[in-house]
$ cat entry_35.cif   # mmCIF, C-alpha atoms
data_model
#
loop_
_atom_site.label_atom_id
_atom_site.label_comp_id
_atom_site.auth_asym_id
_atom_site.auth_seq_id
_atom_site.Cartn_x
_atom_site.Cartn_y
_atom_site.Cartn_z
CA MET U 1454 171.41 -4.22 85.27
CA ARG U 1455 168.19 -6.09 85.99
CA ARG U 1456 166.53 -2.79 86.60
CA GLN U 1457 167.68 -1.52 83.27
CA ILE U 1458 166.30 -4.56 81.48
CA LYS U 1459 163.01 -4.09 83.27
CA TRP U 1460 163.04 -0.46 82.20
CA CYS U 1461 163.74 -1.43 78.59
CA GLY U 1462 160.70 -3.68 78.77
CA ARG U 1463 158.57 -0.87 80.02
CA LEU U 1464 159.93 1.47 77.42
CA ALA U 1465 159.08 -1.04 74.72
CA THR U 1466 155.56 -1.30 76.08
CA ILE U 1467 155.20 2.45 76.21
CA GLN U 1468 156.53 2.71 72.70
CA MET U 1469 154.05 0.13 71.43
CA VAL U 1470 151.14 1.93 73.07
CA ALA U 1471 152.42 5.21 71.68
CA THR U 1472 152.66 3.81 68.18
CA PHE U 1473 149.15 2.41 68.44
CA LEU U 1474 147.73 5.70 69.58
CA LEU U 1475 149.63 7.55 66.91
CA LEU U 1476 148.14 5.26 64.29
CA ALA U 1477 144.72 5.82 65.84
CA GLY U 1478 145.20 9.51 65.20
CA SER U 1479 145.71 10.41 68.83
CA GLN U 1480 148.68 12.18 70.28
CA SER U 1481 151.72 10.20 71.29
CA LEU U 1482 152.52 9.03 74.75
CA GLY U 1483 155.86 8.49 76.40
CA ALA U 1484 158.95 10.24 77.55
CA SER U 1485 161.20 12.54 75.63
CA ASP U 1486 164.37 14.41 76.31
CA GLN U 1487 164.34 17.67 74.44
CA ALA U 1488 166.58 20.65 74.31
CA SER U 1489 163.60 22.98 74.28
CA THR U 1490 159.99 22.92 75.28
CA GLY U 1491 157.25 23.28 72.71
CA GLN U 1492 155.96 20.56 70.44
CA ALA U 1493 156.27 20.59 66.68
CA THR U 1494 152.64 19.85 65.98
CA GLY U 1495 149.40 20.05 67.86
CA GLN U 1496 148.88 21.33 71.37
CA PRO U 1497 148.62 18.47 73.86
CA ALA U 1498 145.38 18.07 75.71
CA GLY U 1499 147.08 19.07 78.92
CA LYS U 1500 150.48 20.38 79.78
CA ALA U 1501 151.98 21.13 83.15
CA GLU U 1502 155.37 22.35 84.19
CA VAL U 1503 157.86 21.57 86.92
CA LYS U 1504 160.80 23.92 87.29
CA ILE U 1505 164.10 22.81 88.74
CA ASP U 1506 165.59 25.69 90.70
CA ASN U 1507 168.14 25.70 93.49
CA PHE U 1508 168.33 21.92 93.68
CA SER U 1509 164.58 21.48 94.14
CA PHE U 1510 161.55 20.53 92.06
CA GLY U 1511 158.82 23.17 92.02
CA PRO U 1512 156.12 22.47 92.80
CA GLU U 1513 157.32 19.53 94.82
CA THR U 1514 153.90 17.89 94.45
CA LEU U 1515 152.03 18.50 91.23
CA THR U 1516 148.49 17.25 90.66
CA VAL U 1517 147.37 16.73 87.05
CA SER U 1518 144.62 14.92 85.19
CA VAL U 1519 145.13 11.71 83.20
CA GLY U 1520 146.69 12.41 79.82
CA THR U 1521 148.67 15.43 80.96
CA THR U 1522 152.20 15.90 79.70
CA VAL U 1523 154.49 17.16 82.45
CA ILE U 1524 157.53 19.11 81.34
CA TRP U 1525 160.48 19.52 83.67
CA THR U 1526 162.94 22.35 82.94
CA ASN U 1527 166.34 22.53 84.62
CA ARG U 1528 167.08 26.16 85.48
CA ASP U 1529 170.16 25.41 87.60
CA ASP U 1530 173.81 25.78 86.59
CA ILE U 1531 174.25 22.11 87.48
CA PRO U 1532 172.84 19.09 85.63
CA HIS U 1533 169.99 17.09 87.13
CA THR U 1534 167.87 14.07 86.26
CA VAL U 1535 164.20 13.21 86.69
CA VAL U 1536 163.87 9.57 87.71
CA SER U 1537 160.76 7.74 88.83
CA THR U 1538 161.39 6.00 92.15
CA GLU U 1539 159.37 3.05 90.85
CA GLY U 1540 161.03 2.83 87.44
CA VAL U 1541 158.13 4.35 85.47
CA PHE U 1542 160.17 7.08 83.76
CA LYS U 1543 163.79 8.15 83.67
CA SER U 1544 165.33 11.14 81.96
CA LYS U 1545 168.82 11.38 80.63
CA VAL U 1546 170.94 13.96 82.41
CA ARG U 1547 169.49 17.43 81.79
CA ASP U 1548 171.90 20.34 81.70
CA THR U 1549 170.93 23.99 82.12
CA ASP U 1550 167.67 24.90 80.29
CA GLU U 1551 167.18 21.38 78.98
CA THR U 1552 163.81 19.72 79.47
CA PHE U 1553 162.30 16.31 79.99
CA SER U 1554 158.69 15.46 79.41
CA TYR U 1555 156.49 12.52 80.23
CA THR U 1556 152.82 11.93 79.54
CA PHE U 1557 150.86 10.32 82.34
CA SER U 1558 148.24 7.96 80.97
CA LYS U 1559 147.22 6.29 84.22
CA ALA U 1560 145.92 7.67 87.50
CA GLY U 1561 148.21 7.23 90.46
CA THR U 1562 150.97 8.80 92.51
CA TYR U 1563 154.41 8.93 90.92
CA PRO U 1564 157.27 9.76 93.27
CA TYR U 1565 160.53 10.74 91.61
CA TYR U 1566 163.97 12.14 92.41
CA CYS U 1567 167.20 13.42 90.88
CA SER U 1568 169.56 10.44 90.71
CA VAL U 1569 172.55 12.81 90.78
CA HIS U 1570 171.35 14.69 93.88
CA PRO U 1571 169.00 12.23 95.59
CA LYS U 1572 167.99 14.75 98.26
CA MET U 1573 165.90 16.31 95.49
CA THR U 1574 162.52 14.58 95.46
CA GLY U 1575 159.09 15.32 94.01
CA LYS U 1576 155.75 13.73 93.27
CA ILE U 1577 153.22 13.79 90.42
CA VAL U 1578 149.67 12.93 91.44
CA VAL U 1579 147.57 11.89 88.43
CA GLN U 1580 143.79 11.95 88.90
CA MET O 944 192.61 40.45 97.89
CA ALA O 945 192.78 40.86 101.67
CA ASN O 946 189.01 40.50 101.95
CA LYS O 947 189.05 37.38 99.91
CA ASN O 948 191.75 35.82 102.04
CA GLN O 949 189.75 36.86 105.03
CA ASP O 950 186.76 34.97 103.69
CA VAL O 951 188.78 31.81 103.30
CA ILE O 952 190.23 32.21 106.74
CA ASP O 953 186.82 32.90 108.25
CA GLN O 954 185.60 29.73 106.66
CA LYS O 955 188.39 27.80 108.33
CA LEU O 956 187.59 29.55 111.60
CA GLN O 957 184.02 28.44 111.33
CA ASP O 958 185.08 24.84 110.81
CA LEU O 959 187.50 24.96 113.65
CA ASN O 960 184.96 26.42 115.98
CA ASN O 961 182.70 23.52 115.21
CA ASP O 962 185.45 21.31 116.51
CA GLY O 963 185.76 23.45 119.60
CA ILE O 964 189.34 24.40 118.87
CA ASP O 965 189.92 28.10 119.29
CA ARG O 966 192.70 29.33 117.06
CA ARG O 967 190.91 32.47 116.13
CA GLY O 968 193.77 34.78 117.09
CA PHE O 969 196.29 32.76 115.19
CA LEU O 970 194.17 32.49 112.11
CA LYS O 971 193.37 36.20 112.14
CA CYS O 972 197.11 36.74 111.82
CA MET O 973 197.07 34.40 108.85
CA ALA O 974 194.76 36.80 107.08
CA TRP O 975 197.39 39.50 106.84
CA ALA O 976 200.23 37.09 106.41
CA GLY O 977 198.58 36.02 103.20
CA THR O 978 200.02 32.56 103.40
CA GLY O 979 198.63 29.08 103.81
CA LEU O 980 198.20 26.64 106.62
CA VAL O 981 199.94 23.45 107.53
CA TRP O 982 198.06 20.95 109.60
CA THR O 983 200.27 18.49 111.39
CA MET O 984 198.33 15.62 112.82
CA SER O 985 199.80 14.47 116.08
CA GLY O 986 197.88 11.99 118.18
CA GLY O 987 194.73 13.07 116.39
CA ILE O 988 195.11 16.70 117.40
CA PRO O 989 195.79 19.10 114.57
CA VAL O 990 198.57 21.58 115.16
CA SER O 991 198.68 24.45 112.75
CA HIS O 992 201.73 26.29 111.52
CA ALA O 993 202.03 29.20 109.19
CA PHE O 994 204.04 28.56 106.08
CA ALA O 995 205.28 30.89 103.47
CA ARG O 996 203.86 30.51 100.00
CA GLY O 997 205.91 28.04 98.01
CA MET O 998 207.49 26.44 101.05
CA GLY O 999 207.23 22.70 100.84
CA LYS O 1000 208.73 21.92 104.22
CA HIS O 1001 207.33 22.61 107.61
CA ALA O 1002 208.31 22.75 111.26
CA GLY O 1003 211.88 21.89 110.32
CA LYS O 1004 210.96 18.34 109.31
CA SER O 1005 211.23 17.19 105.75
CA ALA O 1006 208.54 14.90 104.47
CA ASP O 1007 209.35 11.32 103.49
CA PHE O 1008 207.05 11.85 100.60
CA SER O 1009 204.13 13.96 99.61
CA PHE O 1010 201.20 13.66 97.30
CA VAL O 1011 198.70 16.23 96.09
CA GLN O 1012 194.94 15.98 96.08
CA ILE O 1013 192.99 17.85 93.44
CA SER O 1014 189.26 17.71 93.05
CA ASP O 1015 186.16 18.81 91.21
CA SER O 1016 187.66 19.93 87.90
CA HIS O 1017 184.19 19.88 86.27
CA MET O 1018 185.70 19.96 82.79
CA GLY O 1019 182.98 21.20 80.43
CA PHE O 1020 181.39 23.60 82.93
CA ASN O 1021 181.15 27.03 81.28
CA LYS O 1022 178.73 29.04 83.40
CA PRO O 1023 179.47 32.48 84.95
CA ALA O 1024 180.99 30.97 88.10
CA ASN O 1025 183.97 29.99 85.91
CA PRO O 1026 183.79 30.22 82.11
CA ASP O 1027 187.25 28.63 81.73
CA VAL O 1028 187.72 25.59 83.95
CA ALA O 1029 190.55 24.32 81.71
CA ALA O 1030 192.60 27.42 82.55
CA THR O 1031 192.14 26.98 86.30
CA LEU O 1032 193.01 23.27 86.10
CA LYS O 1033 196.18 24.26 84.24
CA ALA O 1034 196.89 26.79 86.99
CA ALA O 1035 196.49 23.99 89.54
CA VAL O 1036 199.02 21.87 87.63
CA ASP O 1037 201.43 24.84 87.52
CA LYS O 1038 200.99 25.21 91.28
CA ILE O 1039 201.74 21.52 91.80
CA ASN O 1040 204.81 21.69 89.55
CA GLY O 1041 206.05 24.63 91.59
CA LEU O 1042 205.97 22.87 94.95
CA ALA O 1043 209.38 22.72 96.61
CA THR O 1044 208.86 19.06 97.49
CA PRO O 1045 207.58 17.42 94.32
CA PRO O 1046 204.61 15.17 95.02
CA GLU O 1047 205.12 11.52 94.10
CA PHE O 1048 201.62 11.19 92.70
CA LEU O 1049 198.25 12.92 92.47
CA LEU O 1050 194.85 11.93 93.78
CA HIS O 1051 191.79 13.25 91.97
CA THR O 1052 188.73 12.97 94.19
CA GLY O 1053 186.11 13.13 91.47
CA ASP O 1054 183.91 15.31 89.32
CA ILE O 1055 186.71 15.15 86.81
CA SER O 1056 184.16 16.03 84.12
CA HIS O 1057 180.97 18.04 84.30
CA LEU O 1058 178.82 15.77 82.11
CA SER O 1059 180.74 12.46 81.87
CA ARG O 1060 181.60 13.15 78.23
CA ALA O 1061 184.63 11.52 76.61
CA GLU O 1062 186.06 14.82 75.38
CA GLN O 1063 185.83 16.24 78.90
CA PHE O 1064 187.78 13.31 80.37
CA ASP O 1065 190.25 13.61 77.44
CA ASN O 1066 190.79 17.27 78.20
CA VAL O 1067 191.54 16.63 81.88
CA ASP O 1068 193.87 13.74 81.03
CA GLN O 1069 195.75 15.95 78.62
CA ILE O 1070 196.13 18.81 81.10
CA LEU O 1071 197.28 16.44 83.85
CA ARG O 1072 199.96 15.05 81.54
CA SER O 1073 201.86 18.28 82.07
CA ALA O 1074 202.11 17.54 85.80
CA ARG O 1075 205.54 16.30 86.80
CA ALA O 1076 203.96 13.64 88.97
CA LYS O 1077 202.97 11.03 86.41
CA ASP O 1078 200.72 8.76 88.43
CA VAL O 1079 197.18 9.98 89.05
CA PHE O 1080 194.70 7.97 91.10
CA PHE O 1081 191.02 8.73 90.57
CA VAL O 1082 187.73 8.10 92.28
CA PRO O 1083 184.51 9.12 90.51
CA GLY O 1084 182.22 11.98 91.40
CA GLU O 1085 178.53 11.91 90.53
CA HIS O 1086 179.27 14.03 87.45
CA ASP O 1087 181.54 11.28 86.11
CA VAL O 1088 178.93 8.52 86.14
CA LEU O 1089 175.90 10.24 84.59
CA ASP O 1090 173.57 8.23 82.36
CA ASP O 1091 175.71 5.08 82.05
CA ASN O 1092 176.12 4.12 85.72
CA GLY O 1093 179.86 4.68 85.50
CA LYS O 1094 180.58 2.44 82.50
CA SER O 1095 182.69 4.94 80.55
CA TYR O 1096 184.44 6.14 83.72
CA LEU O 1097 185.40 2.56 84.59
CA GLU O 1098 186.62 1.80 81.08
CA ARG O 1099 188.97 4.74 81.34
CA TYR O 1100 190.05 4.82 84.98
CA GLY O 1101 189.05 1.46 86.44
CA LYS O 1102 191.71 -0.81 84.94
CA ASN O 1103 193.39 -1.55 88.25
CA ALA O 1104 190.23 -1.35 90.31
CA SER O 1105 187.48 -3.76 91.25
CA PRO O 1106 184.69 -4.01 88.65
CA SER O 1107 182.80 -1.29 90.49
CA GLY O 1108 185.76 1.05 90.73
CA TRP O 1109 187.09 0.85 94.29
CA TYR O 1110 190.70 -0.16 95.00
CA SER O 1111 193.60 0.14 97.38
CA PHE O 1112 197.35 0.43 97.03
CA ASP O 1113 200.42 0.84 99.21
CA HIS O 1114 202.98 3.56 98.83
CA ARG O 1115 206.06 3.68 101.07
CA GLY O 1116 204.29 2.07 103.98
CA VAL O 1117 201.07 4.09 103.71
CA HIS O 1118 197.89 2.24 102.73
CA PHE O 1119 195.58 4.14 100.38
CA ILE O 1120 191.94 3.19 99.86
CA GLY O 1121 189.92 4.76 97.02
CA LEU O 1122 186.16 4.40 97.53
CA VAL O 1123 183.16 4.96 95.26
CA ASN O 1124 180.15 6.60 96.93
CA VAL O 1125 178.32 8.12 93.96
CA LEU O 1126 176.59 5.11 92.41
CA ASN O 1127 173.13 3.64 93.05
CA LEU O 1128 171.98 6.57 95.14
CA LYS O 1129 168.53 6.17 96.66
CA ALA O 1130 165.74 8.75 96.53
CA GLY O 1131 166.00 11.08 99.51
CA GLY O 1132 169.36 9.62 100.50
CA LEU O 1133 173.02 10.62 100.68
CA GLY O 1134 176.18 9.21 99.13
CA SER O 1135 176.36 5.45 99.39
CA LEU O 1136 179.10 2.81 99.54
CA GLY O 1137 176.93 -0.31 99.53
CA GLY O 1138 177.33 -3.73 101.11
CA GLU O 1139 179.71 -5.21 98.56
CA GLN O 1140 182.20 -2.37 98.87
CA LEU O 1141 182.00 -2.37 102.68
CA GLU O 1142 182.71 -6.10 102.74
CA TRP O 1143 185.69 -5.60 100.45
CA MET O 1144 187.05 -2.77 102.63
CA GLU O 1145 186.77 -4.80 105.82
CA LYS O 1146 188.86 -7.56 104.22
CA ASP O 1147 191.26 -5.07 102.67
CA VAL O 1148 192.42 -3.66 106.02
CA LYS O 1149 192.02 -6.77 108.16
CA HIS O 1150 195.60 -7.98 107.97
CA LEU O 1151 197.34 -4.61 108.13
CA LYS O 1152 199.37 -3.67 111.20
CA HIS O 1153 197.62 -1.11 113.36
CA SER O 1154 200.62 1.15 112.97
CA THR O 1155 200.05 1.40 109.19
CA PRO O 1156 199.01 4.94 108.26
CA ILE O 1157 195.76 4.86 106.33
CA VAL O 1158 194.50 7.33 103.75
CA VAL O 1159 190.90 6.89 102.61
CA PHE O 1160 189.71 9.00 99.69
CA ALA O 1161 186.28 9.34 98.11
CA HIS O 1162 184.27 12.03 96.36
CA ILE O 1163 181.38 12.77 98.73
CA PRO O 1164 182.37 13.44 102.37
CA LEU O 1165 182.53 10.30 104.51
CA TRP O 1166 181.17 12.32 107.42
CA ALA O 1167 178.08 14.43 107.95
CA ALA O 1168 179.48 17.66 106.50
CA TYR O 1169 175.96 18.97 105.78
CA PRO O 1170 173.40 16.24 105.14
CA GLN O 1171 170.69 18.81 104.31
CA TRP O 1172 172.58 19.41 101.06
CA GLY O 1173 173.46 15.77 100.59
CA TRP O 1174 177.00 16.33 101.90
CA GLY O 1175 177.48 13.00 103.61
CA THR O 1176 177.52 9.25 103.00
CA GLU O 1177 174.80 7.17 104.59
CA ASP O 1178 176.91 4.10 105.39
CA SER O 1179 180.24 5.84 106.07
CA ALA O 1180 180.14 5.00 109.80
CA GLN O 1181 180.39 1.31 108.89
CA ALA O 1182 183.41 1.97 106.67
CA LEU O 1183 185.14 4.03 109.34
CA SER O 1184 184.58 1.35 111.97
CA TYR O 1185 187.04 -0.83 110.01
CA VAL O 1186 189.86 1.72 110.28
CA LYS O 1187 189.28 3.03 113.81
CA LYS O 1188 191.91 0.66 115.19
CA PHE O 1189 194.68 2.28 113.17
CA GLY O 1190 196.93 4.91 114.69
CA SER O 1191 196.66 7.40 111.83
CA VAL O 1192 193.70 7.72 109.50
CA THR O 1193 193.30 10.58 107.04
CA VAL O 1194 190.05 10.80 105.09
CA LEU O 1195 190.08 13.04 102.01
CA ASN O 1196 187.10 14.11 99.94
CA GLY O 1197 185.94 16.69 97.43
CA HIS O 1198 182.36 17.41 96.35
CA ILE O 1199 181.76 20.46 98.54
CA HIS O 1200 184.25 22.77 96.77
CA GLN O 1201 185.70 24.22 99.96
CA THR O 1202 188.05 23.22 102.73
CA MET O 1203 186.51 21.77 105.82
CA GLN O 1204 188.11 19.72 108.53
CA LYS O 1205 186.94 17.51 111.35
CA VAL O 1206 188.78 15.30 113.81
CA GLU O 1207 187.22 12.27 115.44
CA GLY O 1208 189.63 10.34 117.63
CA ARG O 1209 192.51 9.34 115.39
CA VAL O 1210 190.59 10.02 112.21
CA THR O 1211 191.04 13.35 110.45
CA PHE O 1212 188.57 14.33 107.75
CA HIS O 1213 189.55 16.92 105.21
CA SER O 1214 187.75 18.23 102.16
CA ALA O 1215 189.54 19.97 99.31
CA MET O 1216 188.81 23.04 97.25
CA SER O 1217 187.70 22.62 93.65
CA THR O 1218 189.86 23.60 90.70
CA ALA O 1219 186.70 24.89 88.92
CA PHE O 1220 184.32 26.93 91.07
CA PRO O 1221 183.48 27.48 94.74
CA GLN O 1222 180.28 26.45 96.46
CA PRO O 1223 178.65 28.25 99.37
CA GLN O 1224 179.30 27.43 102.99
CA PRO O 1225 176.71 25.05 104.43
CA GLY O 1226 173.31 26.69 104.69
CA LYS O 1227 174.63 30.08 103.56
CA ALA O 1228 172.71 30.03 100.26
CA ASP O 1229 169.49 28.62 98.85
CA SER O 1230 171.35 25.68 97.34
CA PRO O 1231 174.84 24.21 97.03
CA GLY O 1232 175.13 25.32 93.39
CA PRO O 1233 178.15 27.12 91.90
CA MET O 1234 178.95 30.38 93.68
CA LYS O 1235 179.87 33.38 91.57
CA VAL O 1236 182.63 35.54 92.99
CA PRO O 1237 184.23 38.56 91.31
CA ALA O 1238 186.51 37.31 88.51
CA GLU O 1239 189.66 38.64 90.15
CA GLN O 1240 188.86 36.66 93.30
CA LEU O 1241 188.11 33.34 91.65
CA ARG O 1242 191.56 31.80 92.00
CA SER O 1243 191.66 32.56 95.70
CA VAL O 1244 188.75 30.20 96.30
CA LEU O 1245 190.12 27.39 94.12
CA GLY O 1246 193.07 25.28 95.10
CA ILE O 1247 195.05 22.13 95.71
CA THR O 1248 195.80 20.07 98.80
CA ASP O 1249 199.37 18.98 99.47
CA VAL O 1250 199.71 16.04 101.88
CA ASN O 1251 203.05 15.22 103.48
CA TYR O 1252 203.95 12.03 105.27
CA VAL O 1253 206.84 11.82 107.70
CA ARG O 1254 207.73 8.28 108.72
CA GLY O 1255 207.74 7.56 112.42
CA GLN O 1256 205.53 10.52 113.17
CA HIS O 1257 202.31 8.74 112.34
CA SER O 1258 201.07 12.03 111.14
CA LEU O 1259 200.17 13.48 107.83
CA ALA O 1260 200.42 17.20 107.23
CA VAL O 1261 197.62 18.54 105.08
CA VAL O 1262 198.30 21.85 103.38
CA ASP O 1263 195.72 23.74 101.36
CA SER O 1264 196.95 26.31 98.86
CA THR O 1265 194.79 28.50 96.69
CA LEU O 1266 195.52 29.15 93.02
CA ALA O 1267 195.81 32.89 93.65
#
$ encode --input "entry_35.cif" --output "structure tokens"
Amino acid sequence: MRRQIKWCGRLATIQMVATFLLLAGSQSLGASDQASTGQATGQPAGKAEVKIDNFSFGPETLTVSVGTTVIWTNRDDIPHTVVSTEGVFKSKVRDTDETFSYTFSKAGTYPYYCSVHPKMTGKIVVQ
Amino acid sequence: MANKNQDVIDQKLQDLNNDGIDRRGFLKCMAWAGTGLVWTMSGGIPVSHAFARGMGKHAGKSADFSFVQISDSHMGFNKPANPDVAATLKAAVDKINGLATPPEFLLHTGDISHLSRAEQFDNVDQILRSARAKDVFFVPGEHDVLDDNGKSYLERYGKNASPSGWYSFDHRGVHFIGLVNVLNLKAGGLGSLGGEQLEWMEKDVKHLKHSTPIVVFAHIPLWAAYPQWGWGTEDSAQALSYVKKFGSVTVLNGHIHQTMQKVEGRVTFHSAMSTAFPQPQPGKADSPGPMKVPAEQLRSVLGITDVNYVRGQHSLAVVDSTLA
């Protein structure tokens, strides 16, 4: 429960930053669960993809530059999640062909896993 | 049909060979007999008997009572491996209602739903209402606690359980323990029971006579069935240390969608088939995802597990039957 509250706090912070940037005319930041990839307006500065196949994240380690939006797509017949080990981001459960995206605004290494099948782990390195 | 039965039998052979028990010849015969297997646990050593389909009694001994384990209904799943999981769950209920010795209750070892949705739980509850055995005891699978950390599962099924969902009960001298090992899973880890649950379990069995038969049931295997695919529970050894002193311990699980058996001292581990779709044998595919078999073979790789208890024998007979 404490973790969830902490997460809510982070989400609120992210949301505030996102709103600010949106007002400043920049693209929005933050996480989103979507049923399909592709954004309604404007191409993000950087986009990168992680595919979930056969109970694994591919590539397992993905290196991107600051500001990149990473999009995970579940291509398995079984639902998965994308959850930051350190509580930075957390998707809802993603069924077949559903996606989750998160924009990385700070450099660092972000380990994550599937909370349903915790043997599935991956890492985003933001430079 | 024969090939399919052969596959199931071969799978059992594989498991048996891992235990170093050679019943290859006997089981080969089972392939053409087209029947099922009865496992009678006696002093921790499984003794197998052939039984004709539909027979509820075995080895001339009638059971004091029996119960049936079903597992992994995955209501809401609609992929090619089984586009109609409601139909196969109904077939499982028909199978249960046709048993010569009616079970006194059912155990469902989790993954009731595919996506933890209310309508999926509703659908299973409705189908199970047509079972003659009215009491159903549940433990959650990881598919039942998605997104809300088990809140909706517990509201529905946890009324007589601890706040986190584990519980025990006694039935005709047998002590049943339902465990939860699908919550708070750590990155890179396996199923997990957690300190609070372990503490509860230790107290739960402390004052029982050592002659009390124990049945422990949980979703993920409480033994290292195949850790590479997450088929194990990281702190299960601690849980099992509390029941080692008992003369008869039967540990039932689902999760792996196939039968598998292991005997360690007086503890017998048994995993059930799914009522929804099969999964590959350990390491025999790229992942443990749903396995597509030809439509006409599907029901031969789905099934139920009938467990019979005979008082005084300190043994439980575990019988797997397919839906074919």
$ closest_atom_pairs --input "entry_35.cif" --of "chain O" --to "chain U" --cutoff "6 Å" --atoms "only C-alpha atoms" --output "Markdown table"
| residue | atom | partner | partner_atom | distance |
| --- | --- | --- | --- | --- |
| O:Asp1090 | CA | U:Lys1545 | CA | 6.0 |
| O:Ala1130 | CA | U:Pro1571 | CA | 4.9 |
| O:Gly1131 | CA | U:Lys1572 | CA | 4.4 |
| O:Gly1132 | CA | U:Pro1571 | CA | 5.6 |
| O:Ser1230 | CA | U:Asn1507 | CA | 5.0 |
$ closest_residue --input "entry_35.cif" --among "U:Glu1551, U:Ala1560, U:Arg1528, U:Glu1502" --to "Thr1514 in chain U" --atoms "only C-alpha atoms"
U:Glu1502
$ residues_around --input "entry_35.cif" --residues "Gly1121 in chain O" --least-positions-apart "3" --cutoff "6 Å" --atoms "all atoms listed in the file" --output "list in words"
Trp1109, Tyr1110, Ser1111, Phe1160 and Ala1161 of chain O
$ write_last_selection --input "entry_35.cif" --atoms "C-alpha atoms" --output "compact mmCIF listing (two decimals), keeping the file's coordinate frame"
# COMPACT_ATOMS: atom_id res chain seq x y z
CA TRP O 1109 187.09 0.85 94.29
CA TYR O 1110 190.70 -0.16 95.00
CA SER O 1111 193.60 0.14 97.38
CA PHE O 1160 189.71 9.00 99.69
CA ALA O 1161 186.28 9.34 98.11
$ atom_distance --input "entry_35.cif" --atom1 "CA of Lys1187 in chain O" --atom2 "CA of Val1253 in chain O"
20.6 Å
$ axis_aligned_box --input "entry_35.cif" --around "range 1015-1029 of chain O" --padding-each-side "5 Å" --output "JSON"
{"center_x": 184.6, "center_y": 25.6, "center_z": 85.8, "size_x": 21.8, "size_y": 23.7, "size_z": 20.8}
$ residues_near_point --input "entry_35.cif" --point "(190.0, -4.5, 102.8)" --cutoff "12 Å" --atoms "only C-alpha atoms" --output "list of chain:residue names"
O:Ser1105, O:Trp1109, O:Tyr1110, O:Ser1111, O:Phe1112, O:His1118, O:Phe1119, O:Ile1120, O:Gly1121, O:Leu1122, O:Glu1139, O:Gln1140, O:Leu1141, O:Glu1142, O:Trp1143, O:Met1144, O:Glu1145, O:Lys1146, O:Asp1147, O:Val1148, O:Lys1149, O:His1150, O:Leu1151, O:Ile1157, O:Val1159, O:Ala1182, O:Leu1183, O:Tyr1185, O:Val1186
$ resolve_selection --input "entry_35.cif" --expression "the PyMOL selection byres ((chain U and resi 1515-1526) around 7)" --output "PyMOL selection string"
chain U and resi 1498-1505+1512-1514+1527-1528+1550-1560+1576-1580
$ residues_around --input "entry_35.cif" --residues "Lys1022 in chain O" --least-positions-apart "2" --cutoff "10 Å" --atoms "only C-alpha atoms" --output "compact mmCIF listing (two decimals) with C-alpha atoms, in the frame of the given file"
# COMPACT_ATOMS: atom_id res chain seq x y z
CA ASP U 1530 173.81 25.78 86.59
CA ILE U 1531 174.25 22.11 87.48
CA THR U 1549 170.93 23.99 82.12
CA GLY O 1019 182.98 21.20 80.43
CA PHE O 1020 181.39 23.60 82.93
CA ALA O 1024 180.99 30.97 88.10
CA ASN O 1025 183.97 29.99 85.91
CA PRO O 1026 183.79 30.22 82.11
CA ASP O 1027 187.25 28.63 81.73
CA VAL O 1028 187.72 25.59 83.95
CA PHE O 1220 184.32 26.93 91.07
CA PRO O 1233 178.15 27.12 91.90
CA LYS O 1235 179.87 33.38 91.57
$ atom_distance --input "entry_35.cif" --atom1 "CA of Leu1126 in chain O" --atom2 "CA of Lys1094 in chain O"
11.0 Å
$ resolve_selection --input "entry_35.cif" --expression "the PyMOL selection byres ((chain O and resi 1009-1013) around 9)" --output "number ranges by chain"
O: 1006-1008, 1014-1016, 1035, 1039, 1044-1053, 1076, 1195-1197, 1215-1218, 1246-1253
$ resolve_selection --input "entry_35.cif" --expression "the PyMOL selection byres ((chain O and resi 1099) around 12)" --output "PyMOL selection string"
chain O and resi 1055+1059-1061+1064-1065+1068+1080-1083+1087-1088+1093-1098+1100-1104+1108
$ atom_distance --input "entry_35.cif" --atom1 "CA of Gly1138 in chain O" --atom2 "CA of Pro1231 in chain O"
28.3 Å
$ build_atoms --input "entry_35.cif" --residues "range 1568-1574 of chain U" --atoms "N, CA and C atoms" --output "PDB file, keeping the file's coordinate frame"
ATOM      1  N   SER U1568     168.627  11.517  90.353  1.00  0.00           N
ATOM      2  CA  SER U1568     169.560  10.440  90.710  1.00  0.00           C
ATOM      3  C   SER U1568     170.975  10.962  90.952  1.00  0.00           C
ATOM      4  N   VAL U1569     171.238  12.214  90.542  1.00  0.00           N
ATOM      5  CA  VAL U1569     172.550  12.810  90.780  1.00  0.00           C
ATOM      6  C   VAL U1569     172.590  13.447  92.174  1.00  0.00           C
ATOM      7  N   HIS U1570     171.468  14.031  92.570  1.00  0.00           N
ATOM      8  CA  HIS U1570     171.350  14.690  93.880  1.00  0.00           C
ATOM      9  C   HIS U1570     170.096  14.144  94.557  1.00  0.00           C
ATOM     10  N   PRO U1571     170.210  12.945  95.155  1.00  0.00           N
ATOM     11  CA  PRO U1571     169.000  12.230  95.590  1.00  0.00           C
ATOM     12  C   PRO U1571     168.207  12.920  96.695  1.00  0.00           C
ATOM     13  N   LYS U1572     168.777  13.976  97.276  1.00  0.00           N
ATOM     14  CA  LYS U1572     167.990  14.750  98.260  1.00  0.00           C
ATOM     15  C   LYS U1572     166.841  15.460  97.564  1.00  0.00           C
ATOM     16  N   MET U1573     166.957  15.631  96.262  1.00  0.00           N
ATOM     17  CA  MET U1573     165.900  16.310  95.490  1.00  0.00           C
ATOM     18  C   MET U1573     164.809  15.301  95.159  1.00  0.00           C
ATOM     19  N   THR U1574     163.640  15.491  95.725  1.00  0.00           N
ATOM     20  CA  THR U1574     162.520  14.580  95.460  1.00  0.00           C
ATOM     21  C   THR U1574     161.276  15.364  95.100  1.00  0.00           C
TER      22      THR U1574
END
